[in-house]
>>> print(open('protein.txt').read())   # compact mmCIF, C-alpha atoms and all ligand atoms
# COMPACT_ATOMS: atom_id res chain seq x y z
CA MET A 227 -9.81 -32.29 -6.67
CA LYS A 228 -7.04 -29.69 -6.60
CA LYS A 229 -8.32 -26.08 -6.48
CA LYS A 230 -7.39 -23.97 -9.50
CA ILE A 231 -5.22 -20.95 -8.61
CA LYS A 232 -7.11 -17.81 -9.57
CA LYS A 233 -5.70 -14.87 -11.48
CA ILE A 234 -5.81 -11.17 -10.59
CA TYR A 235 -4.88 -8.19 -12.73
CA ILE A 236 -3.81 -5.15 -10.66
CA ALA A 237 -3.68 -1.83 -12.54
CA GLY A 238 -1.63 1.07 -11.16
CA CYS A 239 0.28 -1.17 -8.75
CA GLY A 240 3.58 0.72 -8.52
CA GLY A 241 2.76 2.93 -5.52
CA MET A 242 2.62 2.59 -1.74
CA LEU A 243 -0.53 0.49 -1.60
CA GLY A 244 0.44 -1.49 -4.71
CA ASP A 245 3.56 -2.68 -2.91
CA ALA A 246 1.48 -4.36 -0.18
CA PHE A 247 -1.02 -5.73 -2.72
CA TYR A 248 1.81 -7.33 -4.66
CA ASN A 249 3.26 -8.93 -1.52
CA VAL A 250 -0.08 -10.13 -0.13
CA PHE A 251 -1.82 -11.24 -3.32
CA SER A 252 1.17 -12.92 -5.00
CA LYS A 253 1.11 -15.52 -2.19
CA LYS A 254 -2.36 -16.78 -3.16
CA PHE A 255 -2.97 -15.81 -6.76
CA ILE A 256 -1.32 -15.65 -10.13
CA ILE A 257 -1.05 -11.91 -10.54
CA LYS A 258 -0.23 -9.41 -13.22
CA CYS A 259 0.76 -5.99 -11.85
CA THR A 260 1.02 -3.00 -14.14
CA ASP A 261 1.85 0.68 -13.79
CA LYS A 262 2.76 3.50 -16.12
CA ILE A 263 6.32 3.49 -14.78
CA ILE A 264 8.20 0.24 -14.14
CA SER A 265 9.91 0.62 -10.76
CA GLU A 266 10.00 -3.11 -9.85
CA ASN A 267 10.81 -6.29 -11.76
CA TRP A 268 7.32 -7.63 -10.94
CA LEU A 269 5.64 -4.73 -12.77
CA SER A 270 4.88 -4.43 -16.44
CA LYS A 271 4.07 -1.26 -18.29
CA LEU A 272 0.52 -0.11 -18.82
CA ASP A 273 -0.95 3.37 -18.66
CA PHE A 274 -4.62 2.75 -17.85
CA THR A 275 -5.67 5.95 -19.64
CA GLU A 276 -4.70 4.20 -22.89
CA PHE A 277 -8.02 2.42 -22.91
CA ASP A 278 -7.54 0.09 -25.90
CA LYS A 279 -4.23 -1.17 -24.50
CA TYR A 280 -5.80 -1.53 -21.02
CA ARG A 281 -8.67 -3.62 -22.39
CA GLN A 282 -6.34 -5.77 -24.51
CA ASP A 283 -3.83 -6.33 -21.70
CA VAL A 284 -6.52 -7.42 -19.24
CA LYS A 285 -8.21 -9.64 -21.82
CA ASP A 286 -4.90 -11.26 -22.79
CA PHE A 287 -4.26 -12.13 -19.14
CA SER A 288 -7.84 -13.34 -18.70
CA PRO A 289 -8.08 -12.77 -14.93
CA ASP A 290 -10.72 -13.85 -12.43
CA TYR A 291 -10.66 -10.36 -10.82
CA LEU A 292 -9.65 -6.87 -11.92
CA ILE A 293 -8.27 -4.59 -9.21
CA HIS A 294 -8.19 -0.98 -10.41
CA LEU A 295 -5.79 0.31 -7.78
CA GLY A 296 -3.80 3.27 -9.07
CA ALA A 297 -4.84 6.90 -9.29
CA MET A 298 -3.46 10.40 -9.35
CA THR A 299 -3.04 10.84 -5.61
CA ASN A 300 -1.32 14.21 -5.21
CA LEU A 301 -4.17 16.55 -4.25
CA GLU A 302 -2.38 19.70 -5.35
CA GLU A 303 -1.55 18.23 -8.77
CA CYS A 304 -5.21 17.28 -9.06
CA GLU A 305 -6.30 20.88 -8.33
CA ILE A 306 -3.91 22.25 -10.96
CA ASN A 307 -4.80 19.63 -13.60
CA PRO A 308 -8.50 18.77 -13.21
CA GLU A 309 -8.86 17.37 -16.75
CA ILE A 310 -5.99 14.93 -16.32
CA THR A 311 -7.32 14.07 -12.87
CA TYR A 312 -10.77 13.08 -14.16
CA LEU A 313 -9.17 11.14 -17.02
CA ASN A 314 -6.99 9.16 -14.59
CA ASN A 315 -9.32 8.83 -11.63
CA THR A 316 -12.79 8.65 -13.19
CA ARG A 317 -12.73 7.93 -16.94
CA SER A 318 -10.22 5.10 -16.54
CA VAL A 319 -12.45 3.54 -13.88
CA GLU A 320 -15.42 3.71 -16.26
CA GLU A 321 -13.33 1.74 -18.77
CA ALA A 322 -12.31 -0.73 -16.06
CA VAL A 323 -15.99 -1.31 -15.29
CA LYS A 324 -16.72 -1.97 -18.97
CA ILE A 325 -13.77 -4.37 -19.23
CA SER A 326 -14.82 -6.28 -16.11
CA ASN A 327 -18.44 -6.44 -17.31
CA GLU A 328 -17.28 -7.76 -20.69
CA LEU A 329 -15.17 -10.45 -18.99
CA ASP A 330 -17.91 -11.09 -16.42
CA ILE A 331 -15.46 -10.70 -13.54
CA PRO A 332 -15.62 -8.53 -10.39
CA ILE A 333 -13.98 -5.12 -10.30
CA ILE A 334 -12.29 -4.05 -7.06
CA PHE A 335 -11.86 -0.29 -6.70
CA ILE A 336 -9.91 1.63 -4.05
CA SER A 337 -11.59 4.80 -2.87
CA THR A 338 -10.94 7.32 -0.15
CA ALA A 339 -12.25 9.08 2.94
CA GLY A 340 -11.62 12.25 0.92
CA ILE A 341 -15.05 11.93 -0.69
CA PHE A 342 -16.61 13.37 2.50
CA ASP A 343 -16.69 17.06 3.47
CA GLY A 344 -15.48 16.49 7.03
CA ASN A 345 -18.31 18.41 8.70
CA LYS A 346 -19.15 15.33 10.75
CA ASP A 347 -16.66 13.76 13.13
CA THR A 348 -17.02 10.20 11.79
CA TYR A 349 -18.40 8.60 8.67
CA GLU A 350 -20.11 5.28 7.92
CA GLU A 351 -20.89 3.77 4.54
CA VAL A 352 -24.46 5.13 4.68
CA ASP A 353 -23.27 8.77 4.96
CA ASN A 354 -23.54 11.03 1.95
CA PRO A 355 -20.32 12.07 0.21
CA ASN A 356 -19.68 15.74 -0.53
CA PRO A 357 -16.11 16.03 -1.81
CA LEU A 358 -14.21 19.32 -1.43
CA SER A 359 -11.39 18.82 -3.94
CA HIS A 360 -10.98 17.63 -7.53
CA TYR A 361 -9.27 14.52 -6.19
CA GLY A 362 -12.23 13.76 -3.92
CA LYS A 363 -14.75 14.49 -6.67
CA SER A 364 -12.90 12.35 -9.21
CA LYS A 365 -12.92 9.37 -6.83
CA PHE A 366 -16.57 9.89 -5.86
CA LEU A 367 -17.66 10.06 -9.52
CA ALA A 368 -15.78 6.81 -10.11
CA GLU A 369 -17.61 5.18 -7.19
CA LYS A 370 -20.95 6.36 -8.51
CA TYR A 371 -20.23 5.03 -11.99
CA ILE A 372 -19.30 1.65 -10.56
CA GLU A 373 -22.45 1.47 -8.41
CA ASP A 374 -24.65 2.43 -11.37
CA ASN A 375 -22.97 0.28 -14.03
CA SER A 376 -20.99 -2.62 -12.63
CA LYS A 377 -22.56 -6.04 -12.43
CA ASN A 378 -20.12 -7.20 -9.78
CA TYR A 379 -18.05 -4.84 -7.64
CA LEU A 380 -16.21 -4.23 -4.40
CA ILE A 381 -15.49 -0.61 -3.44
CA CYS A 382 -12.96 -0.27 -0.61
CA ARG A 383 -12.53 3.16 1.00
CA ALA A 384 -9.21 3.74 2.75
CA GLY A 385 -8.11 6.45 5.18
CA TRP A 386 -4.67 8.02 5.74
CA MET A 387 -2.38 5.51 4.08
CA MET A 388 0.73 4.29 5.89
CA GLY A 389 3.07 2.04 3.92
CA GLY A 390 5.56 1.70 1.12
CA GLY A 391 8.61 2.80 3.12
CA LYS A 392 11.24 5.35 2.14
CA LYS A 393 11.00 4.54 -1.58
CA LYS A 394 7.21 4.74 -2.02
CA ASP A 395 5.55 6.43 0.94
CA LYS A 396 4.50 9.90 -0.28
CA LYS A 397 2.39 10.66 2.73
CA PHE A 398 2.48 12.00 6.30
CA VAL A 399 4.59 9.35 8.06
CA ASN A 400 7.40 9.56 5.52
CA LYS A 401 7.29 13.36 5.57
CA ILE A 402 7.76 13.36 9.34
CA ILE A 403 10.57 10.77 9.13
CA ASN A 404 12.34 12.89 6.50
CA GLN A 405 12.25 15.90 8.80
CA ILE A 406 13.71 13.81 11.62
CA ILE A 407 16.46 12.53 9.30
CA ASP A 408 17.18 16.11 8.22
CA GLY A 409 17.88 16.93 11.86
CA ASN A 410 14.89 19.24 12.44
CA LEU A 411 14.44 19.89 16.14
CA GLU A 412 11.02 21.52 15.66
CA LEU A 413 8.12 20.12 13.69
CA ASN A 414 5.13 22.22 12.64
CA ILE A 415 2.09 19.94 12.75
CA VAL A 416 -1.55 20.79 12.09
CA ASP A 417 -3.88 20.31 15.04
CA ASP A 418 -7.11 20.66 13.04
CA LYS A 419 -7.12 17.47 10.97
CA ASN A 420 -8.61 14.19 12.16
CA GLY A 421 -8.59 10.82 10.48
CA THR A 422 -8.11 7.08 10.56
CA PRO A 423 -4.72 5.75 9.45
CA THR A 424 -4.76 2.72 7.17
CA TYR A 425 -1.80 0.38 7.10
CA THR A 426 -1.33 -0.88 3.56
CA TYR A 427 -0.72 -4.49 4.68
CA ASP A 428 -3.84 -4.62 6.86
CA PHE A 429 -5.84 -3.09 4.04
CA ALA A 430 -4.51 -5.62 1.50
CA ASN A 431 -5.21 -8.54 3.86
CA GLN A 432 -8.72 -7.23 4.51
CA VAL A 433 -9.45 -6.93 0.77
CA LEU A 434 -8.08 -10.44 0.28
CA LEU A 435 -10.45 -11.76 2.95
CA LEU A 436 -13.46 -10.06 1.31
CA ILE A 437 -12.49 -11.54 -2.05
CA ASP A 438 -12.02 -14.98 -0.48
CA LYS A 439 -15.47 -14.78 1.08
CA ASN A 440 -17.08 -13.55 -2.13
CA ILE A 441 -18.30 -10.35 -0.47
CA ARG A 442 -19.46 -7.49 -2.71
CA GLY A 443 -20.52 -3.88 -2.12
CA LYS A 444 -18.98 -0.76 -0.58
CA PHE A 445 -16.80 -0.95 2.53
CA HIS A 446 -14.85 1.36 4.79
CA ILE A 447 -11.50 -0.29 5.51
CA VAL A 448 -9.37 1.64 8.00
CA CYS A 449 -7.31 0.84 11.08
CA GLU A 450 -9.19 0.81 14.35
CA GLY A 451 -9.01 3.89 16.59
CA PHE A 452 -9.57 7.52 15.67
CA THR A 453 -6.73 9.99 15.70
CA SER A 454 -5.34 13.29 14.40
CA ARG A 455 -2.23 14.36 12.49
CA ILE A 456 -0.69 15.71 15.66
CA GLU A 457 -1.25 12.50 17.61
CA VAL A 458 0.37 10.48 14.81
CA ALA A 459 3.39 12.81 14.92
CA TYR A 460 3.65 12.44 18.73
CA GLU A 461 3.43 8.67 18.36
CA ILE A 462 6.30 8.64 15.85
CA LEU A 463 8.48 10.71 18.19
CA LYS A 464 7.54 8.43 21.08
CA TYR A 465 8.54 5.35 19.08
CA TYR A 466 12.02 6.78 18.46
CA LYS A 467 12.23 8.18 22.02
CA LEU A 468 12.61 11.68 20.61
CA GLU A 469 9.85 13.42 22.60
CA GLU A 470 12.43 15.28 24.68
CA LYS A 471 14.65 16.23 21.74
CA ILE A 472 12.11 17.35 19.14
CA ILE A 473 9.43 19.96 19.80
CA ILE A 474 6.06 19.89 18.07
CA ASN A 475 4.59 23.29 17.25
CA LYS A 476 0.82 23.11 16.88
CA VAL A 477 -0.32 25.07 13.84
CA ASN A 478 -3.58 25.17 11.93
CA SER A 479 -3.95 24.20 8.28
CA ASN A 480 -3.62 27.84 7.12
CA PHE A 481 0.05 27.59 8.05
CA PHE A 482 0.59 25.25 5.08
CA GLU A 483 -1.93 26.81 2.69
CA LYS A 484 0.72 27.74 0.10
CA ASP A 485 2.04 24.19 -0.24
CA TYR A 486 -1.18 22.32 0.49
CA PHE A 487 -3.76 24.50 -1.20
CA ALA A 488 -6.25 21.73 -2.07
CA LYS A 489 -9.17 21.71 0.36
CA ARG A 490 -9.06 18.82 2.81
CA PRO A 491 -11.86 17.71 5.13
CA MET A 492 -11.45 18.53 8.84
CA SER A 493 -12.37 14.97 9.62
CA GLU A 494 -11.66 11.90 7.48
CA ARG A 495 -12.51 9.48 10.26
CA LEU A 496 -14.16 6.35 8.88
CA ILE A 497 -15.91 3.59 10.79
CA ASN A 498 -15.73 0.02 9.47
CA SER A 499 -19.46 -0.41 10.06
CA LYS A 500 -20.15 -2.89 7.29
CA LEU A 501 -17.09 -5.02 8.08
CA ASN A 502 -18.28 -5.15 11.70
CA SER A 503 -21.82 -6.00 10.67
CA ILE A 504 -20.64 -9.12 8.82
CA SER A 505 -18.05 -9.95 11.53
CA LEU A 506 -15.14 -9.78 9.10
CA ASN A 507 -13.23 -6.81 10.45
CA ILE A 508 -9.56 -7.83 10.75
CA MET A 509 -8.15 -4.28 10.79
CA ARG A 510 -5.80 -3.69 13.72
CA ASN A 511 -5.40 -0.56 15.84
CA TRP A 512 -3.44 2.18 14.06
CA LYS A 513 -0.84 2.45 16.86
CA ILE A 514 0.08 -1.23 16.53
CA CYS A 515 0.29 -0.86 12.76
CA LEU A 516 2.36 2.32 12.96
CA LYS A 517 4.89 0.56 15.21
CA GLU A 518 5.04 -2.42 12.86
CA TYR A 519 5.50 -0.13 9.87
CA LEU A 520 8.28 1.91 11.50
CA SER A 521 10.08 -1.20 12.74
CA LYS A 522 9.89 -2.85 9.31
CA GLU A 523 10.68 0.06 7.04
CA TYR A 524 12.56 2.64 9.09
CA LYS A 525 14.50 0.55 11.61
CA TYR A 526 17.75 2.32 10.67
CA LEU A 527 16.43 5.31 12.65
CA ASN A 528 16.53 3.24 15.85
CA LYS A 529 19.86 4.07 17.44
N1 LIG B 1 -2.45 7.55 -0.15
C1 LIG B 1 -3.57 7.68 0.56
O1 LIG B 1 -3.56 8.25 1.66
C2 LIG B 1 -4.86 7.09 0.04
C3 LIG B 1 -5.98 7.16 0.87
C4 LIG B 1 -7.18 6.61 0.42
C5 LIG B 1 -7.25 6.00 -0.81
N2 LIG B 1 -6.15 5.96 -1.61
C6 LIG B 1 -6.30 5.30 -2.91
O2 LIG B 1 -5.47 4.14 -2.89
C7 LIG B 1 -5.05 3.85 -4.21
C8 LIG B 1 -3.54 3.63 -4.22
O3 LIG B 1 -2.93 4.88 -3.87
P1 LIG B 1 -1.48 4.97 -3.23
O4 LIG B 1 -1.62 5.58 -1.90
O5 LIG B 1 -0.76 3.68 -3.37
O6 LIG B 1 -0.88 6.08 -4.20
P2 LIG B 1 0.47 6.10 -5.04
O7 LIG B 1 1.59 5.68 -4.17
O8 LIG B 1 0.47 7.44 -5.67
O9 LIG B 1 0.23 4.95 -6.13
C9 LIG B 1 -0.61 5.09 -7.23
C10 LIG B 1 0.06 4.47 -8.42
O10 LIG B 1 -0.81 4.58 -9.55
C11 LIG B 1 0.00 4.96 -10.65
N3 LIG B 1 -0.78 5.58 -11.71
C12 LIG B 1 -1.33 6.81 -11.74
N4 LIG B 1 -1.93 7.03 -12.93
C13 LIG B 1 -1.73 5.89 -13.65
C14 LIG B 1 -2.08 5.51 -14.97
N5 LIG B 1 -2.73 6.36 -15.79
N6 LIG B 1 -1.75 4.27 -15.40
C15 LIG B 1 -1.07 3.42 -14.59
N7 LIG B 1 -0.68 3.74 -13.35
C16 LIG B 1 -1.01 4.97 -12.89
C17 LIG B 1 0.96 5.94 -10.02
O11 LIG B 1 2.05 6.23 -10.89
P3 LIG B 1 2.78 7.67 -10.71
O12 LIG B 1 3.30 7.72 -9.31
O13 LIG B 1 3.83 7.62 -11.75
O14 LIG B 1 1.72 8.71 -10.97
C18 LIG B 1 1.36 5.18 -8.77
O15 LIG B 1 2.38 4.23 -9.05
C19 LIG B 1 -5.51 5.01 -5.09
O16 LIG B 1 -6.66 4.62 -5.77
C20 LIG B 1 -5.83 6.12 -4.09
O17 LIG B 1 -6.81 6.98 -4.57
C21 LIG B 1 -4.95 6.48 -1.20
>>> encode(input="protein.txt", output="structure tokens")
Amino acid sequence: MKKKIKKIYIAGCGGMLGDAFYNVFSKKFIIKCTDKIISENWLSKLDFTEFDKYRQDVKDFSPDYLIHLGAMTNLEECEINPEITYLNNTRSVEEAVKISNELDIPIIFISTAGIFDGNKDTYEEVDNPNPLSHYGKSKFLAEKYIEDNSKNYLICRAGWMMGGGKKKDKKFVNKIINQIIDGNLELNIVDDKNGTPTYTYDFANQVLLLIDKNIRGKFHIVCEGFTSRIEVAYEILKYYKLEEKIIINKVNSNFFEKDYFAKRPMSERLINSKLNSISLNIMRNWKICLKEYLSKEYKYLNK
């Protein structure tokens, strides 16, 4: 008998990770992607803090899975607006749990390495969170609510996201590329921040695999290999053969404290321990992913 194609509702899908989820999941599922701003023709409008509309929209679509993907992701905005942050990043997740329980479907939630305090060098799923910022706290509280109240959940913690390209990437790689495009011959890069990059496409494929295999629980999902902000910057320059032309000045995080005043952990290095333990880790090394990302999204920089 022919297998029925399953349906997935993805809330908050208009950002850098949402882009990869749309591309990966639309190949295997019937999907409905929503966001509060419609930036693509495959998105429809839904602000997930409007809880009645959220519930109704998901119920009308009647999905087999609910992916609650979006969040307020700018750490400084979160520090300035804690109430709006908890509404977007915690309260909305509580509603998503209730909706998924009512429909008796799994909820998939995207969390972050930013729930840890960074006092250790690396973190596994068994380590205790101790978030330093409102962003980190709001995501941790959402995780806790899910674990305490959901009947059927998958929590996926990502690291430093790479993806989305010029239009959607709000993070480190795009910031470095913009400085290169602007003709900067010196880059100030922090040498006191460690982490694990996470390519949006690898992450989406990994989540897809866990869904396919009916796996539930809490997972670290990051690219293989530990690194630092400064090493990522060197790797970008190396890719464009700009190591001789552009100088990297090592600075510590205090250098940027005016612009980036939210507290960030010294280390956000995650280990995919649980993926390894069930032999389902398909995450590639971050250097391979970075090259793929740059060649796909920023090839115009290759002269
Ligand atoms: N970026 C990272 O390094 C990182 C690392 C670990 C985990 N994560 C998690 O990964 C997930 C995806 O983040 P991302 O990196 O793709 O961030 P992103 O590019 O900022 O995308 C998030 C999307 O959610 C939307 N959104 C926010 N509030 C919403 C609301 N009330 N209703 C509907 N949509 C809303 C945002 O719209 P606006 O842009 O208009 O606000 C944006 O389109 C988030 O849960 C984030 O916490 C991100």
>>> residues_near_ligand(input="protein.txt", ligand="ligand LIG 1 (chain B)", cutoff="6 Å", atoms="only C-alpha atoms and all ligand atoms", output="PDB file with C-alpha atoms, in the coordinates of the input")
ATOM      1  CA  GLY A 238      -1.630   1.070 -11.160  1.00  0.00           C
ATOM      2  CA  CYS A 239       0.280  -1.170  -8.750  1.00  0.00           C
ATOM      3  CA  GLY A 240       3.580   0.720  -8.520  1.00  0.00           C
ATOM      4  CA  GLY A 241       2.760   2.930  -5.520  1.00  0.00           C
ATOM      5  CA  MET A 242       2.620   2.590  -1.740  1.00  0.00           C
ATOM      6  CA  LEU A 243      -0.530   0.490  -1.600  1.00  0.00           C
ATOM      7  CA  GLY A 244       0.440  -1.490  -4.710  1.00  0.00           C
ATOM      8  CA  ASP A 261       1.850   0.680 -13.790  1.00  0.00           C
ATOM      9  CA  LYS A 262       2.760   3.500 -16.120  1.00  0.00           C
ATOM     10  CA  ILE A 263       6.320   3.490 -14.780  1.00  0.00           C
ATOM     11  CA  LEU A 272       0.520  -0.110 -18.820  1.00  0.00           C
ATOM     12  CA  ASP A 273      -0.950   3.370 -18.660  1.00  0.00           C
ATOM     13  CA  PHE A 274      -4.620   2.750 -17.850  1.00  0.00           C
ATOM     14  CA  THR A 275      -5.670   5.950 -19.640  1.00  0.00           C
ATOM     15  CA  LEU A 295      -5.790   0.310  -7.780  1.00  0.00           C
ATOM     16  CA  GLY A 296      -3.800   3.270  -9.070  1.00  0.00           C
ATOM     17  CA  ALA A 297      -4.840   6.900  -9.290  1.00  0.00           C
ATOM     18  CA  MET A 298      -3.460  10.400  -9.350  1.00  0.00           C
ATOM     19  CA  THR A 299      -3.040  10.840  -5.610  1.00  0.00           C
ATOM     20  CA  ASN A 314      -6.990   9.160 -14.590  1.00  0.00           C
ATOM     21  CA  ILE A 336      -9.910   1.630  -4.050  1.00  0.00           C
ATOM     22  CA  SER A 337     -11.590   4.800  -2.870  1.00  0.00           C
ATOM     23  CA  THR A 338     -10.940   7.320  -0.150  1.00  0.00           C
ATOM     24  CA  ALA A 384      -9.210   3.740   2.750  1.00  0.00           C
ATOM     25  CA  GLY A 385      -8.110   6.450   5.180  1.00  0.00           C
ATOM     26  CA  TRP A 386      -4.670   8.020   5.740  1.00  0.00           C
ATOM     27  CA  MET A 387      -2.380   5.510   4.080  1.00  0.00           C
TER      28      MET A 387
END
>>> residues_around(input="protein.txt", residues="stretch 461-468 of chain A", least_positions_apart="6", cutoff="9 Å", atoms="all atoms listed in the file", output="JSON, numbers by chain")
{"A": [399, 402, 403, 406, 513, 516, 517, 520, 527, 528, 529]}
>>> closest_residue(input="protein.txt", among="A:His360, A:Val250, A:Thr422, A:Ser270", to="A:Leu435", atoms="only C-alpha atoms")
A:Val250
>>> residues_around(input="protein.txt", residues="stretch 350-353 of chain A", least_positions_apart="4", cutoff="8 Å", atoms="only C-alpha atoms", output="list of chain:residue names")
A:Lys444, A:Phe445, A:His446, A:Leu496, A:Ile497, A:Asn498, A:Ser499, A:Lys500
>>> write_last_selection(input="protein.txt", atoms="C-alpha atoms", output="compact mmCIF listing (two decimals), in the frame of the given file")
# COMPACT_ATOMS: atom_id res chain seq x y z
CA LYS A 444 -18.98 -0.76 -0.58
CA PHE A 445 -16.80 -0.95 2.53
CA HIS A 446 -14.85 1.36 4.79
CA LEU A 496 -14.16 6.35 8.88
CA ILE A 497 -15.91 3.59 10.79
CA ASN A 498 -15.73 0.02 9.47
CA SER A 499 -19.46 -0.41 10.06
CA LYS A 500 -20.15 -2.89 7.29
>>> atom_distance(input="protein.txt", atom1="atom CA of A:Tyr248", atom2="atom CA of A:Phe429")
12.3 Å
>>> residues_around(input="protein.txt", residues="A:Asp286", least_positions_apart="3", cutoff="12 Å", atoms="all atoms listed in the file", output="PDB file with C-alpha atoms, in the coordinates of the input")
ATOM      1  CA  LYS A 233      -5.700 -14.870 -11.480  1.00  0.00           C
ATOM      2  CA  TYR A 235      -4.880  -8.190 -12.730  1.00  0.00           C
ATOM      3  CA  LYS A 258      -0.230  -9.410 -13.220  1.00  0.00           C
ATOM      4  CA  LYS A 279      -4.230  -1.170 -24.500  1.00  0.00           C
ATOM      5  CA  TYR A 280      -5.800  -1.530 -21.020  1.00  0.00           C
ATOM      6  CA  ARG A 281      -8.670  -3.620 -22.390  1.00  0.00           C
ATOM      7  CA  GLN A 282      -6.340  -5.770 -24.510  1.00  0.00           C
ATOM      8  CA  ASP A 283      -3.830  -6.330 -21.700  1.00  0.00           C
ATOM      9  CA  PRO A 289      -8.080 -12.770 -14.930  1.00  0.00           C
ATOM     10  CA  ILE A 325     -13.770  -4.370 -19.230  1.00  0.00           C
ATOM     11  CA  LEU A 329     -15.170 -10.450 -18.990  1.00  0.00           C
TER      12      LEU A 329
END
>>> residues_around(input="protein.txt", residues="A:Tyr425", least_positions_apart="4", cutoff="8 Å", atoms="only C-alpha atoms", output="list in words")
Met387, Met388, Gly389, Phe429, Val448, Cys449, Trp512, Cys515, Leu516 and Tyr519 of chain A
